[in-house]
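Heads up, start25.cif below (mmCIF, C-alpha atoms):
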```cif
data_entry
#
loop_
_atom_site.label_atom_id
_atom_site.label_comp_id
_atom_site.auth_asym_id
_atom_site.auth_seq_id
_atom_site.Cartn_x
_atom_site.Cartn_y
_atom_site.Cartn_z
CA MET Q 128 167.18 95.23 -9.27
CA VAL Q 129 169.57 98.08 -8.43
CA GLU Q 130 168.04 100.23 -11.19
CA LEU Q 131 164.56 99.51 -9.84
CA ASN Q 132 165.58 100.50 -6.31
CA LEU Q 133 167.22 103.66 -7.65
CA LEU Q 134 164.11 104.60 -9.60
CA SER Q 135 161.98 103.89 -6.56
CA LEU Q 136 164.24 106.12 -4.45
CA ILE Q 137 164.06 108.93 -6.99
CA PHE Q 138 160.27 108.63 -7.12
CA LEU Q 139 160.09 108.62 -3.32
CA ILE Q 140 162.28 111.73 -3.07
CA TYR Q 141 160.15 113.48 -5.70
CA PHE Q 142 156.96 112.47 -3.87
CA ILE Q 143 158.26 113.79 -0.54
CA MET Q 144 159.39 117.07 -2.13
CA ALA Q 145 156.06 117.51 -3.89
CA LYS Q 146 154.17 116.76 -0.72
CA THR Q 147 156.33 119.19 1.23
CA LEU Q 148 155.73 121.94 -1.35
CA ASN Q 149 151.99 121.41 -1.13
CA GLU Q 150 152.17 121.49 2.65
CA VAL Q 151 154.14 124.75 2.51
CA VAL Q 152 151.53 126.26 0.19
CA GLU Q 153 148.65 125.07 2.35
CA GLU Q 154 150.30 126.58 5.42
CA LYS Q 155 150.85 129.91 3.62
CA ILE Q 156 147.23 129.99 2.49
CA LYS Q 157 146.13 129.18 6.04
CA GLN Q 158 148.20 132.11 7.34
CA LYS Q 159 146.81 134.33 4.57
CA LEU Q 160 143.25 133.44 5.55
CA SER Q 161 143.97 134.14 9.22
CA LYS Q 162 145.54 137.52 8.53
CA GLY Q 163 142.94 138.33 5.90
CA MET Q 164 140.04 137.74 8.27
CA THR Q 165 141.36 140.58 10.44
CA ASN Q 166 141.30 142.86 7.39
CA VAL Q 167 137.78 141.66 6.53
CA GLN Q 168 136.55 142.44 10.04
CA THR Q 169 138.15 145.89 9.94
CA ALA Q 170 136.55 146.66 6.57
CA THR Q 171 133.08 145.36 7.42
CA THR Q 172 133.10 147.09 10.83
CA ARG Q 173 133.91 150.39 9.15
CA LEU Q 174 131.18 149.74 6.57
CA MET Q 175 128.56 149.29 9.30
CA GLN Q 176 129.79 152.28 11.32
CA GLU Q 177 129.78 154.63 8.34
CA GLY Q 178 126.41 153.25 7.24
CA LYS Q 179 124.92 154.61 10.46
CA MET Q 180 126.36 158.08 9.69
CA SER Q 181 125.68 158.20 5.96
CA LYS Q 182 123.28 160.75 4.47
CA ASP Q 183 121.92 161.25 0.97
CA PHE Q 184 120.53 164.56 -0.22
CA ILE Q 185 118.93 165.75 -3.44
CA PHE Q 186 119.63 169.45 -4.01
CA ASP Q 187 118.62 171.99 -6.65
CA VAL Q 188 121.43 173.46 -8.73
CA GLY Q 189 121.27 176.09 -11.47
CA THR Q 190 119.18 178.09 -9.00
CA GLU Q 191 120.24 181.53 -10.24
CA ARG Q 192 119.28 180.52 -13.75
CA LYS Q 193 115.86 179.44 -12.42
CA GLY Q 194 115.36 182.56 -10.27
CA MET Q 195 115.69 180.65 -6.97
CA ASP Q 196 117.69 181.27 -3.82
CA PRO Q 197 120.85 179.11 -3.72
CA ARG Q 198 120.55 175.68 -2.10
CA ILE Q 199 124.32 175.01 -2.01
CA ILE Q 200 126.94 177.60 -1.06
CA PHE Q 201 130.66 176.77 -1.33
CA HIS Q 202 133.17 178.35 1.09
CA PRO Q 203 136.29 177.48 3.17
CA ASP Q 204 136.00 176.07 6.69
CA GLU Q 205 137.93 177.32 9.73
CA ARG Q 206 141.06 175.47 8.49
CA ASN Q 207 140.74 176.95 4.98
CA LYS Q 208 139.71 173.53 3.63
CA PRO Q 209 136.91 173.19 1.04
CA SER Q 210 133.48 173.28 2.65
CA SER Q 211 129.85 173.90 1.75
CA THR Q 212 126.58 174.94 3.33
CA PHE Q 213 123.35 173.21 2.29
CA ILE Q 214 120.04 174.98 2.79
CA PHE Q 215 117.39 172.50 3.93
CA PRO Q 216 113.79 173.75 3.42
CA LYS Q 217 112.64 172.83 6.93
CA SER Q 218 115.72 172.68 9.18
CA GLY Q 219 117.72 175.49 7.57
CA PRO Q 220 121.47 175.68 6.77
CA GLU Q 221 123.96 172.94 7.66
CA SER Q 222 127.69 172.95 6.89
CA PHE Q 223 129.83 170.06 5.63
CA ASN Q 224 133.52 169.84 4.76
CA ILE Q 225 134.32 168.34 1.34
CA HIS Q 226 136.52 165.29 0.79
CA ASN Q 227 139.29 165.78 -1.81
CA PHE Q 228 137.70 163.12 -4.01
CA ALA Q 229 134.40 165.04 -3.95
CA VAL Q 230 136.24 168.25 -4.88
CA ARG Q 231 137.27 166.63 -8.16
CA GLN Q 232 133.70 165.43 -8.71
CA ILE Q 233 132.11 168.84 -8.15
CA ALA Q 234 134.61 170.39 -10.55
CA GLU Q 235 133.44 167.95 -13.22
CA LYS Q 236 129.75 168.50 -12.41
CA LEU Q 237 130.13 172.28 -12.56
CA LYS Q 238 132.17 172.15 -15.79
CA ILE Q 239 135.29 173.63 -14.17
CA PRO Q 240 138.74 172.22 -15.12
CA THR Q 241 139.66 169.96 -12.20
CA ALA Q 242 143.37 170.79 -11.98
CA TYR Q 243 142.61 174.53 -12.15
CA LEU Q 244 139.95 174.44 -9.43
CA THR Q 245 142.12 172.29 -7.16
CA SER Q 246 145.06 174.68 -7.54
CA LEU Q 247 142.79 177.57 -6.53
CA LEU Q 248 141.13 175.93 -3.52
CA PHE Q 249 144.47 174.83 -2.07
CA GLY Q 250 146.39 177.96 -3.08
CA GLU Q 251 146.87 181.39 -1.54
CA GLU Q 252 144.03 183.46 -0.05
CA TRP Q 253 143.21 185.33 -3.26
CA GLN Q 254 143.18 182.03 -5.17
CA ARG Q 255 140.81 180.43 -2.67
CA GLU Q 256 138.45 183.42 -2.86
CA LEU Q 257 138.46 183.18 -6.66
CA GLY Q 258 137.92 179.42 -6.52
CA TYR Q 259 134.80 179.67 -4.37
CA GLU Q 260 133.46 182.58 -6.43
CA ILE Q 261 133.85 180.46 -9.59
CA MET Q 262 132.16 177.45 -7.94
CA ASN Q 263 129.17 179.46 -6.69
CA THR Q 264 128.75 181.24 -10.02
CA HIS Q 265 128.86 178.00 -12.00
CA ASN Q 266 126.52 176.37 -9.48
CA GLY Q 267 124.01 179.17 -9.99
CA PHE Q 268 123.92 178.97 -13.77
CA ILE Q 269 124.82 175.34 -14.56
CA GLN Q 270 122.52 173.60 -17.06
CA ARG Q 271 121.55 170.94 -14.55
CA ASP Q 272 118.49 170.80 -12.30
CA LYS Q 273 119.47 168.58 -9.38
CA MET Q 274 122.43 166.83 -7.82
CA LEU Q 275 122.84 163.91 -5.42
CA VAL Q 276 125.09 164.66 -2.46
CA ARG Q 277 126.44 161.74 -0.38
CA ALA Q 278 127.87 162.49 3.06
CA VAL Q 279 129.27 160.56 6.02
CA GLY Q 280 128.79 162.53 9.20
CA ASN Q 281 129.70 166.11 8.38
CA GLN Q 282 131.90 165.24 5.37
CA VAL Q 283 130.69 165.23 1.77
CA ARG Q 284 132.20 162.18 0.06
CA ALA Q 285 130.52 162.57 -3.35
CA PHE Q 286 128.66 164.90 -5.71
CA LEU Q 287 126.76 162.69 -8.15
CA SER Q 288 124.07 162.70 -10.80
CA ASP Q 289 120.49 162.60 -9.50
CA GLN Q 290 120.18 159.41 -11.58
CA TYR Q 291 123.00 157.63 -9.71
CA ARG Q 292 121.93 154.16 -8.57
CA ILE Q 293 122.20 154.02 -4.79
CA LEU Q 294 122.84 150.52 -3.44
CA ASP Q 295 123.04 149.21 0.12
CA SER Q 296 126.58 147.83 0.23
CA GLU Q 297 126.07 146.31 3.68
CA MET Q 298 123.18 144.20 2.37
CA ILE Q 299 124.99 143.22 -0.86
CA PHE Q 300 128.28 142.27 0.80
CA GLY Q 301 126.41 140.40 3.54
CA LYS Q 302 124.67 138.19 0.95
CA HIS Q 303 128.01 137.72 -0.82
CA MET Q 304 129.75 136.50 2.35
CA GLU Q 305 126.94 134.03 3.01
CA ALA Q 306 127.34 132.65 -0.53
CA VAL Q 307 131.14 132.38 -0.17
CA TYR Q 308 130.85 130.07 2.86
CA LYS Q 309 127.97 128.13 1.34
CA ASN Q 310 130.11 127.32 -1.72
CA GLY Q 311 133.21 126.20 0.20
CA GLY Q 312 135.17 129.47 0.19
CA GLN Q 313 136.73 131.46 3.02
CA LEU Q 314 137.20 135.22 3.32
CA SER Q 315 140.85 136.03 2.69
CA ASP Q 316 141.21 139.84 2.60
CA GLY Q 317 139.30 143.08 2.93
CA LEU Q 318 139.88 146.79 2.46
CA MET Q 319 137.72 149.85 2.96
CA THR Q 320 138.97 153.34 2.22
CA ASP Q 321 137.09 156.64 2.20
CA THR Q 322 135.79 155.88 -1.29
CA MET Q 323 135.90 152.10 -1.97
CA LEU Q 324 135.19 148.70 -0.44
CA MET Q 325 136.73 145.33 -1.41
CA LEU Q 326 136.44 141.76 -0.11
CA GLU Q 327 138.40 138.75 -1.37
CA SER Q 328 137.72 135.07 -0.73
CA LEU Q 329 139.43 131.79 -1.63
CA LEU Q 330 138.88 128.08 -1.89
CA PRO Q 331 141.51 126.96 0.64
CA GLN Q 332 142.56 123.83 -1.29
CA PRO Q 333 145.49 124.62 -3.67
CA ILE Q 334 145.69 123.13 -7.18
CA SER Q 335 148.93 122.12 -8.93
CA ILE Q 336 149.51 122.94 -12.61
CA GLN Q 337 152.56 121.68 -14.52
CA THR Q 338 153.95 124.08 -17.15
CA PRO Q 339 156.74 123.54 -19.73
CA PHE Q 340 158.56 126.86 -19.22
CA ASN Q 341 157.74 127.99 -15.66
CA GLY Q 342 157.77 124.71 -13.74
CA GLU Q 343 155.10 123.68 -11.26
CA ILE Q 344 152.53 126.32 -10.38
CA ILE Q 345 150.39 125.87 -7.28
CA VAL Q 346 147.41 128.21 -7.08
CA ALA Q 347 144.23 128.81 -5.10
CA PHE Q 348 141.13 130.25 -6.76
CA GLY Q 349 138.54 132.65 -5.42
CA MET Q 350 136.87 135.95 -6.17
CA ARG Q 351 136.95 139.66 -5.42
CA LEU Q 352 133.85 141.80 -4.86
CA GLN Q 353 134.49 145.52 -5.04
CA THR Q 354 132.41 148.67 -5.10
CA SER Q 355 132.33 152.38 -4.39
CA ASP Q 356 129.36 154.13 -2.82
CA TYR Q 357 130.82 157.43 -4.01
CA GLY Q 358 131.34 157.06 -7.75
CA ALA Q 359 134.96 155.84 -7.58
CA GLY Q 360 134.18 152.60 -9.43
CA LYS Q 361 131.38 150.25 -10.42
CA LEU Q 362 130.21 147.26 -8.44
CA SER Q 363 132.34 144.41 -9.83
CA ALA Q 364 132.63 140.66 -9.20
CA ARG Q 365 135.84 139.09 -10.49
CA SER Q 366 137.58 135.73 -10.42
CA PHE Q 367 140.78 135.85 -8.40
CA LEU Q 368 143.84 133.59 -8.29
CA LEU Q 369 146.57 133.39 -5.69
CA GLN Q 370 149.90 131.70 -6.36
CA GLY Q 371 150.43 129.82 -3.12
CA ILE Q 372 154.23 129.85 -2.86
CA CYS Q 373 154.48 133.66 -2.84
CA LEU Q 374 150.87 134.86 -2.44
CA ASN Q 375 150.93 136.77 -5.73
CA GLY Q 376 147.36 137.57 -6.77
CA ALA Q 377 145.79 138.34 -10.14
CA VAL Q 378 142.23 139.43 -10.86
CA PHE Q 379 140.24 138.65 -14.01
CA GLU Q 380 137.59 140.76 -15.72
CA SER Q 381 134.30 141.45 -13.96
CA VAL Q 382 131.28 139.29 -14.78
CA LEU Q 383 128.88 141.81 -13.24
CA LYS Q 384 127.87 144.62 -15.59
CA GLU Q 385 126.73 147.20 -13.06
CA VAL Q 386 125.37 150.45 -14.52
CA HIS Q 387 125.72 153.65 -12.50
CA LEU Q 388 122.63 155.47 -13.76
CA GLY Q 389 118.97 154.64 -13.36
CA ALA Q 390 115.76 156.61 -13.00
CA LYS Q 391 115.80 160.12 -11.53
CA LEU Q 392 115.85 160.05 -7.75
CA GLN Q 393 113.05 161.74 -5.87
CA GLY Q 394 113.61 163.42 -2.53
CA ILE Q 395 111.38 164.91 0.15
CA ASP Q 396 112.83 168.17 1.50
CA GLY Q 397 116.20 167.11 0.14
CA MET Q 398 116.25 163.75 1.94
CA LEU Q 399 116.01 160.30 0.31
CA SER Q 400 113.94 157.61 1.98
CA ARG Q 401 115.46 154.26 2.96
CA GLU Q 402 112.86 152.46 0.82
CA THR Q 403 114.27 154.12 -2.30
CA ILE Q 404 117.61 152.41 -1.72
CA GLU Q 405 116.35 149.00 -0.58
CA LEU Q 406 114.27 148.21 -3.69
CA ASP Q 407 117.26 148.19 -6.04
CA SER Q 408 119.64 146.73 -3.46
CA LYS Q 409 117.64 143.54 -2.93
CA ALA Q 410 117.71 142.69 -6.64
CA THR Q 411 121.45 143.43 -6.86
CA ALA Q 412 122.21 141.37 -3.72
CA SER Q 413 120.39 138.41 -5.26
CA ALA Q 414 122.41 138.74 -8.48
CA VAL Q 415 125.69 138.94 -6.52
CA ARG Q 416 124.76 135.79 -4.57
CA ASP Q 417 124.18 133.88 -7.83
CA ILE Q 418 127.41 135.20 -9.37
CA THR Q 419 129.38 134.15 -6.27
CA LYS Q 420 128.07 130.61 -6.69
CA HIS Q 421 129.01 130.70 -10.40
CA LEU Q 422 132.57 131.93 -9.81
CA TYR Q 423 133.15 129.07 -7.34
CA SER Q 424 131.90 126.46 -9.81
CA THR Q 425 134.12 123.72 -11.25
CA GLU Q 426 133.47 125.07 -14.74
CA VAL Q 427 134.93 128.50 -13.97
CA ILE Q 428 137.95 127.06 -12.11
CA LYS Q 429 138.76 124.78 -15.06
CA ASP Q 430 138.56 127.77 -17.38
CA LYS Q 431 141.04 129.71 -15.23
CA MET Q 432 143.40 126.72 -15.15
CA LEU Q 433 143.37 126.67 -18.96
CA ARG Q 434 144.14 130.38 -19.01
CA ILE Q 435 147.12 129.84 -16.73
CA GLU Q 436 148.40 127.01 -18.91
CA ALA Q 437 147.98 129.14 -22.04
CA SER Q 438 149.81 132.10 -20.47
CA ALA Q 439 152.67 129.81 -19.38
CA ASN Q 440 152.97 128.59 -22.97
CA GLU Q 441 153.02 132.12 -24.43
CA LYS Q 442 156.60 133.39 -24.66
CA VAL Q 443 157.00 137.17 -24.71
CA ASP Q 444 159.65 139.87 -24.79
CA SER Q 445 159.29 141.24 -21.27
CA THR Q 446 161.00 144.54 -22.14
CA ASN Q 447 158.50 145.22 -24.91
CA VAL Q 448 155.52 144.26 -22.74
CA LEU Q 449 156.62 146.60 -19.94
CA LYS Q 450 157.30 149.41 -22.42
CA SER Q 451 153.85 149.04 -23.99
CA LEU Q 452 152.18 149.09 -20.57
CA ARG Q 453 154.07 152.25 -19.71
CA ASP Q 454 153.25 153.87 -23.06
CA VAL Q 455 149.50 153.44 -22.49
CA GLY Q 456 149.77 154.77 -18.94
CA LYS Q 457 149.07 151.51 -17.09
CA LEU Q 458 152.52 151.46 -15.46
CA LEU Q 459 154.73 154.30 -14.24
CA LYS Q 460 158.46 154.47 -14.99
CA GLY Q 461 159.44 153.55 -11.43
CA GLU Q 462 157.06 150.60 -11.52
CA VAL Q 463 158.53 149.39 -14.81
CA ASP Q 464 162.04 149.58 -13.33
CA ASN Q 465 161.07 147.63 -10.20
CA ILE Q 466 159.17 144.96 -12.13
CA GLY Q 467 162.13 144.62 -14.53
CA GLU Q 468 164.44 143.97 -11.59
CA ILE Q 469 162.10 141.26 -10.27
CA LEU Q 470 162.15 139.58 -13.68
CA MET Q 471 165.95 139.71 -13.76
CA ARG Q 472 166.27 138.10 -10.32
CA ASN Q 473 164.15 135.13 -11.47
CA ASP Q 474 163.50 134.18 -7.84
CA PRO Q 475 161.15 131.18 -7.34
CA ASN Q 476 160.33 132.49 -3.86
CA SER Q 477 158.74 135.51 -5.57
CA GLY Q 478 156.80 133.24 -7.91
CA VAL Q 479 158.99 134.37 -10.80
CA GLN Q 480 160.97 131.58 -12.44
CA GLY Q 481 161.75 129.98 -15.76
CA GLU Q 482 161.54 131.49 -19.22
CA SER Q 483 159.90 134.75 -20.21
CA THR Q 484 156.19 134.03 -20.62
CA LEU Q 485 152.96 135.92 -20.05
CA TRP Q 486 152.54 133.96 -16.82
CA LYS Q 487 155.93 135.13 -15.60
CA MET Q 488 154.96 138.72 -16.47
CA THR Q 489 151.78 138.50 -14.38
CA GLN Q 490 153.77 137.18 -11.44
CA ALA Q 491 156.41 139.89 -11.66
CA ILE Q 492 153.72 142.58 -11.65
CA THR Q 493 151.89 141.07 -8.69
CA ALA Q 494 155.14 140.34 -6.82
CA TYR Q 495 155.87 144.08 -7.07
CA ALA Q 496 152.28 144.85 -6.01
CA ASN Q 497 152.87 142.85 -2.80
CA ASN Q 498 155.68 145.20 -1.72
CA GLU Q 499 153.91 147.16 1.03
CA GLU Q 500 156.80 149.60 1.35
CA LEU Q 501 156.47 150.75 -2.28
CA VAL Q 502 152.82 150.15 -3.14
CA VAL Q 503 149.75 151.52 -1.36
CA PRO Q 504 146.74 149.15 -1.01
CA GLU Q 505 144.63 150.90 -3.68
CA ARG Q 506 147.44 150.63 -6.24
CA ARG Q 507 147.99 146.98 -5.30
CA LEU Q 508 144.42 146.23 -6.34
CA GLU Q 509 144.91 148.05 -9.65
CA LEU Q 510 148.12 146.15 -10.42
CA GLN Q 511 146.45 142.82 -9.68
CA GLU Q 512 143.72 143.72 -12.17
CA LEU Q 513 146.38 144.71 -14.71
CA ALA Q 514 148.00 141.30 -14.26
CA GLY Q 515 144.64 139.65 -14.84
CA ASP Q 516 144.19 141.60 -18.07
CA LEU Q 517 147.41 140.07 -19.44
CA PHE Q 518 145.78 136.63 -19.53
CA LYS Q 519 143.58 137.88 -22.39
CA LYS Q 520 146.68 138.03 -24.61
CA ALA Q 521 147.37 134.29 -24.32
CA ASN Q 522 146.40 132.11 -27.27
#
```

Encoding of this model in C-alpha cells:
Amino acid sequence: MVELNLLSLIFLIYFIMAKTLNEVVEEKIKQKLSKGMTNVQTATTRLMQEGKMSKDFIFDVGTERKGMDPRIIFHPDERNKPSSTFIFPKSGPESFNIHNFAVRQIAEKLKIPTAYLTSLLFGEEWQRELGYEIMNTHNGFIQRDKMLVRAVGNQVRAFLSDQYRILDSEMIFGKHMEAVYKNGGQLSDGLMTDTMLMLESLLPQPISIQTPFNGEIIVAFGMRLQTSDYGAGKLSARSFLLQGICLNGAVFESVLKEVHLGAKLQGIDGMLSRETIELDSKATASAVRDITKHLYSTEVIKDKMLRIEASANEKVDSTNVLKSLRDVGKLLKGEVDNIGEILMRNDPNSGVQGESTLWKMTQAITAYANNEELVVPERRLELQELAGDLFKKAN
C-alpha cells in the first residue's frame, strides 16, 4: 500500500511538472506571437508603402556598340555616392542614387570585378572618376541589349536581367497570410529590409517529443515565406520549427522551386505596365496558397517530428561538425567559438542539453542566432536555415 502511494505521488509530481513545462512553453509561444505580430505589421506596412513608390524600367545598354545615344549615365551625386541618370524617351533625364546592393549587381552585369569597382566608387576623387569612366565605357559596349532597373522612389535597388520574373509580393504574401489563418496558424514574425521580405507563422499548440539523449523536446511547427524583389534571393516556402522552451528556430529546405528568369520583358518608353506583373503573380500566389496548406498538414508535421527524433538519435563530434561548417564557409571563426561555448554550457534554458547529437548542434546554432547583440536579423535567418540543413544528415 505504501509502495502504491509512493508510486502515485511520483506520478503526480511528474504529471504536475510536465503540465507546468507545457504551460511555460504555451505562454512563451503566446508572447512570441504577440511580439511577432508587431514585426509582421511593420514589415507588411513597409511593403505596401514601398509598393506605392516602386518603379520598373527597361533600358537599352550596349548603346555605343549599337550606335545609339546612351540611355544610362553613371556619376556621383552631391554626396559623392553612386548615382545614375536615366534618359526617358518622352520625359527626358531623371537621376537616381544607387543602393550598395545594386552597385554589386551592376558590376556583375557590366563584367567589372565587384571588389575593384566598389573600391573605386568609394575611394578618393581620382578613383571615383576612374570608376564611373569604367562603368560608362562598359555600359556602352557590353554584349547585352537591355536591362531591368528596379527603383523605390529615387533609389535604384536592383539592376537585373530583362528576363527577370517580376512578381507582386503584396498579392502573394496577402494570399499566404489568408491561408495561414485558414489552416489554424498564426503569424509569428516578420522582417523587411531594403532587399528582402520574410514572414513566419506557427501552429500555436506545442508538441512534446521524448528523445533518448536530449530529454523531452517541446516544439511548435510552422512555415517561413521569404522573397526578394531585387534579386537577393528566390521566393521560398519552408517548414519551420520553434523549440518552445527557448524559442530556437530552424528552417527546412524550400518546397517552392521558384525560377528567376522567364520571357523577355517588354516595355513602352522604358516603363513596364502593371498587367505585365499581375499575370505571373496570380499564378504564383495560387501556388503559395496551396503550399501553405500543405506545410500545415498532419503529414508534413509527422515527417518533421521523425526528423527531430532521428537527429536526436544521431550522435556526432561537435568539434568536427563546427570545423567542417567553418571550412566550407558556412560559419565564421567567431561564430564557431560562440556556438562552441553554448555547447559547453549545456544549458537547458538555451535548449541545449544532454549528449552531443545533431539535434543539440541545431539548437546551439539557433541559440547563438537568437543573440540580438551579436547577430543581425539577416544573419539570424541564414543560421536558422543552416540548422535546418543539418537535419538532412540524420539517418

field: Residues matched by the PyMOL selection byres ((chain Q and resi 416) around 10), written as a ChimeraX atom specification
entry: /Q:299-307,411-415,417-421

Hey, can you spit out that residue selection with C-alpha atoms as a compact mmCIF listing (two decimals), keeping the file's coordinate frame?
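Heads up, here's the output in result-v3.txt:
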```
# COMPACT_ATOMS: atom_id res chain seq x y z
CA ILE Q 299 124.99 143.22 -0.86
CA PHE Q 300 128.28 142.27 0.80
CA GLY Q 301 126.41 140.40 3.54
CA LYS Q 302 124.67 138.19 0.95
CA HIS Q 303 128.01 137.72 -0.82
CA MET Q 304 129.75 136.50 2.35
CA GLU Q 305 126.94 134.03 3.01
CA ALA Q 306 127.34 132.65 -0.53
CA VAL Q 307 131.14 132.38 -0.17
CA THR Q 411 121.45 143.43 -6.86
CA ALA Q 412 122.21 141.37 -3.72
CA SER Q 413 120.39 138.41 -5.26
CA ALA Q 414 122.41 138.74 -8.48
CA VAL Q 415 125.69 138.94 -6.52
CA ASP Q 417 124.18 133.88 -7.83
CA ILE Q 418 127.41 135.20 -9.37
CA THR Q 419 129.38 134.15 -6.27
CA LYS Q 420 128.07 130.61 -6.69
CA HIS Q 421 129.01 130.70 -10.40
```

How close does region 323-390 of chain Q get to region 152-167 of chain Q? List, as a Markdown table, each residue of region 323-390 of chain Q within 8 Å, its nearest atom pair and the distance in Å to one decimal, counting all atoms listed in the file.
```
| residue | atom | partner | partner_atom | distance |
| --- | --- | --- | --- | --- |
| Q:Leu326 | CA | Q:Val167 | CA | 6.8 |
| Q:Pro331 | CA | Q:Ile156 | CA | 6.7 |
| Q:Gln332 | CA | Q:Glu153 | CA | 7.2 |
| Q:Pro333 | CA | Q:Glu153 | CA | 6.8 |
| Q:Ile345 | CA | Q:Val152 | CA | 7.6 |
| Q:Gly371 | CA | Q:Val152 | CA | 5.0 |
| Q:Ile372 | CA | Q:Val152 | CA | 5.4 |
| Q:Leu374 | CA | Q:Lys155 | CA | 7.8 |
```

message: Starting from the PyMOL selection byres ((chain Q and resi 261) around 12), expand the selection into actual residues of this file and give them as a list in words.
response: Ile200, Phe201, His202, Ile233, Ala234, Leu237, Lys238, Ile239, Pro240, Tyr243, Leu244, Thr245, Leu247, Leu248, Gln254, Arg255, Glu256, Leu257, Gly258, Tyr259, Glu260, Met262, Asn263, Thr264, His265, Asn266, Gly267, Phe268 and Ile269 of chain Q

Given the file shown, determine the residues that the PyMOL selection byres ((chain Q and resi 440) around 10) selects; report them as a PDB file with C-alpha atoms, in the frame of the given file.
```pdb
ATOM      1  CA  THR Q 338     153.950 124.080 -17.150  1.00  0.00           C
ATOM      2  CA  PRO Q 339     156.740 123.540 -19.730  1.00  0.00           C
ATOM      3  CA  PHE Q 340     158.560 126.860 -19.220  1.00  0.00           C
ATOM      4  CA  ASN Q 341     157.740 127.990 -15.660  1.00  0.00           C
ATOM      5  CA  ARG Q 434     144.140 130.380 -19.010  1.00  0.00           C
ATOM      6  CA  ILE Q 435     147.120 129.840 -16.730  1.00  0.00           C
ATOM      7  CA  GLU Q 436     148.400 127.010 -18.910  1.00  0.00           C
ATOM      8  CA  ALA Q 437     147.980 129.140 -22.040  1.00  0.00           C
ATOM      9  CA  SER Q 438     149.810 132.100 -20.470  1.00  0.00           C
ATOM     10  CA  ALA Q 439     152.670 129.810 -19.380  1.00  0.00           C
ATOM     11  CA  GLU Q 441     153.020 132.120 -24.430  1.00  0.00           C
ATOM     12  CA  LYS Q 442     156.600 133.390 -24.660  1.00  0.00           C
ATOM     13  CA  VAL Q 443     157.000 137.170 -24.710  1.00  0.00           C
ATOM     14  CA  GLU Q 482     161.540 131.490 -19.220  1.00  0.00           C
ATOM     15  CA  SER Q 483     159.900 134.750 -20.210  1.00  0.00           C
ATOM     16  CA  THR Q 484     156.190 134.030 -20.620  1.00  0.00           C
ATOM     17  CA  LEU Q 485     152.960 135.920 -20.050  1.00  0.00           C
ATOM     18  CA  TRP Q 486     152.540 133.960 -16.820  1.00  0.00           C
ATOM     19  CA  ALA Q 521     147.370 134.290 -24.320  1.00  0.00           C
ATOM     20  CA  ASN Q 522     146.400 132.110 -27.270  1.00  0.00           C
TER      21      ASN Q 522
END
```

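The coordinates place CA of Arg472 (chain Q) at 21.5 Å from CA of Ser451 (chain Q).
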
- prompt: Excluding same-chain residues fewer than 5 positions from Leu287 (chain Q), what lies within 9 Å of it counting only C-alpha atoms, as a list in words?
  reply: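 Non-adjacent residues within range: Gln232, Ile233, Lys236, Met274, Leu275, Val276, Arg277, Tyr357 and Gly358 of chain Q.
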
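Shortest atom-to-atom contact with Ser355 (chain Q) among Q:Ser335, Q:Leu517, Q:Glu385, Q:Phe186: Q:Glu385, counting only C-alpha atoms.
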
task: Choose the residue, out of Q:Ala491, Q:Leu458, Q:Leu422, Q:Leu324, that has the smallest atom-to-atom separation from Cys373 (chain Q); count only C-alpha atoms.
output: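 Residue with the minimum atom-to-atom distance to Cys373 (chain Q): Q:Ala491.
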
Two-atom distance - CA of Ala170 (chain Q), CA of Phe184 (chain Q) (Å):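 According to the coordinates, CA of Ala170 (chain Q) and CA of Phe184 (chain Q) are separated by 25.0 Å.
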
message: If I take CA of Ser424 (chain Q) and CA of Asn310 (chain Q), how far is one from the other in Å, to one decimal?
response: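 Value for the CA of Ser424 (chain Q)-CA of Asn310 (chain Q) distance: 8.3 Å.
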
Sorted per-residue table, region 262-320 of chain Q near region 496-505 of chain Q, closest atoms and distance, 12 Å, all atoms listed in the file, as a tab-separated table:
```
residue	atom	partner	partner_atom	distance
Q:Asp316	CA	Q:Pro504	CA	11.4
Q:Gly317	CA	Q:Pro504	CA	10.4
Q:Leu318	CA	Q:Pro504	CA	8.0
Q:Met319	CA	Q:Glu505	CA	9.6
Q:Thr320	CA	Q:Glu505	CA	8.5
```

message: Just checking: using only C-alpha atoms, which residue out of Q:Asp356, Q:Glu252, Q:Glu150, Q:Glu462 ends up closest to Arg292 (chain Q)?
response: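 Going through Q:Asp356, Q:Glu252, Q:Glu150, Q:Glu462 one by one, the smallest distance to Arg292 (chain Q) is for Q:Asp356.
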
Of the listed residues Q:Leu510, Q:Ile336, Q:Ile293, Q:Val479, that which approaches Asn149 (chain Q) most closely, counting only C-alpha atoms: Q:Ile336

field: Counting all atoms listed in the file, the option among Q:Met298, Q:Ala359, Q:Met432, Q:Ala285 closest to Ile225 (chain Q)
entry: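 Of all the options, Q:Ala285 lies closest to Ile225 (chain Q).
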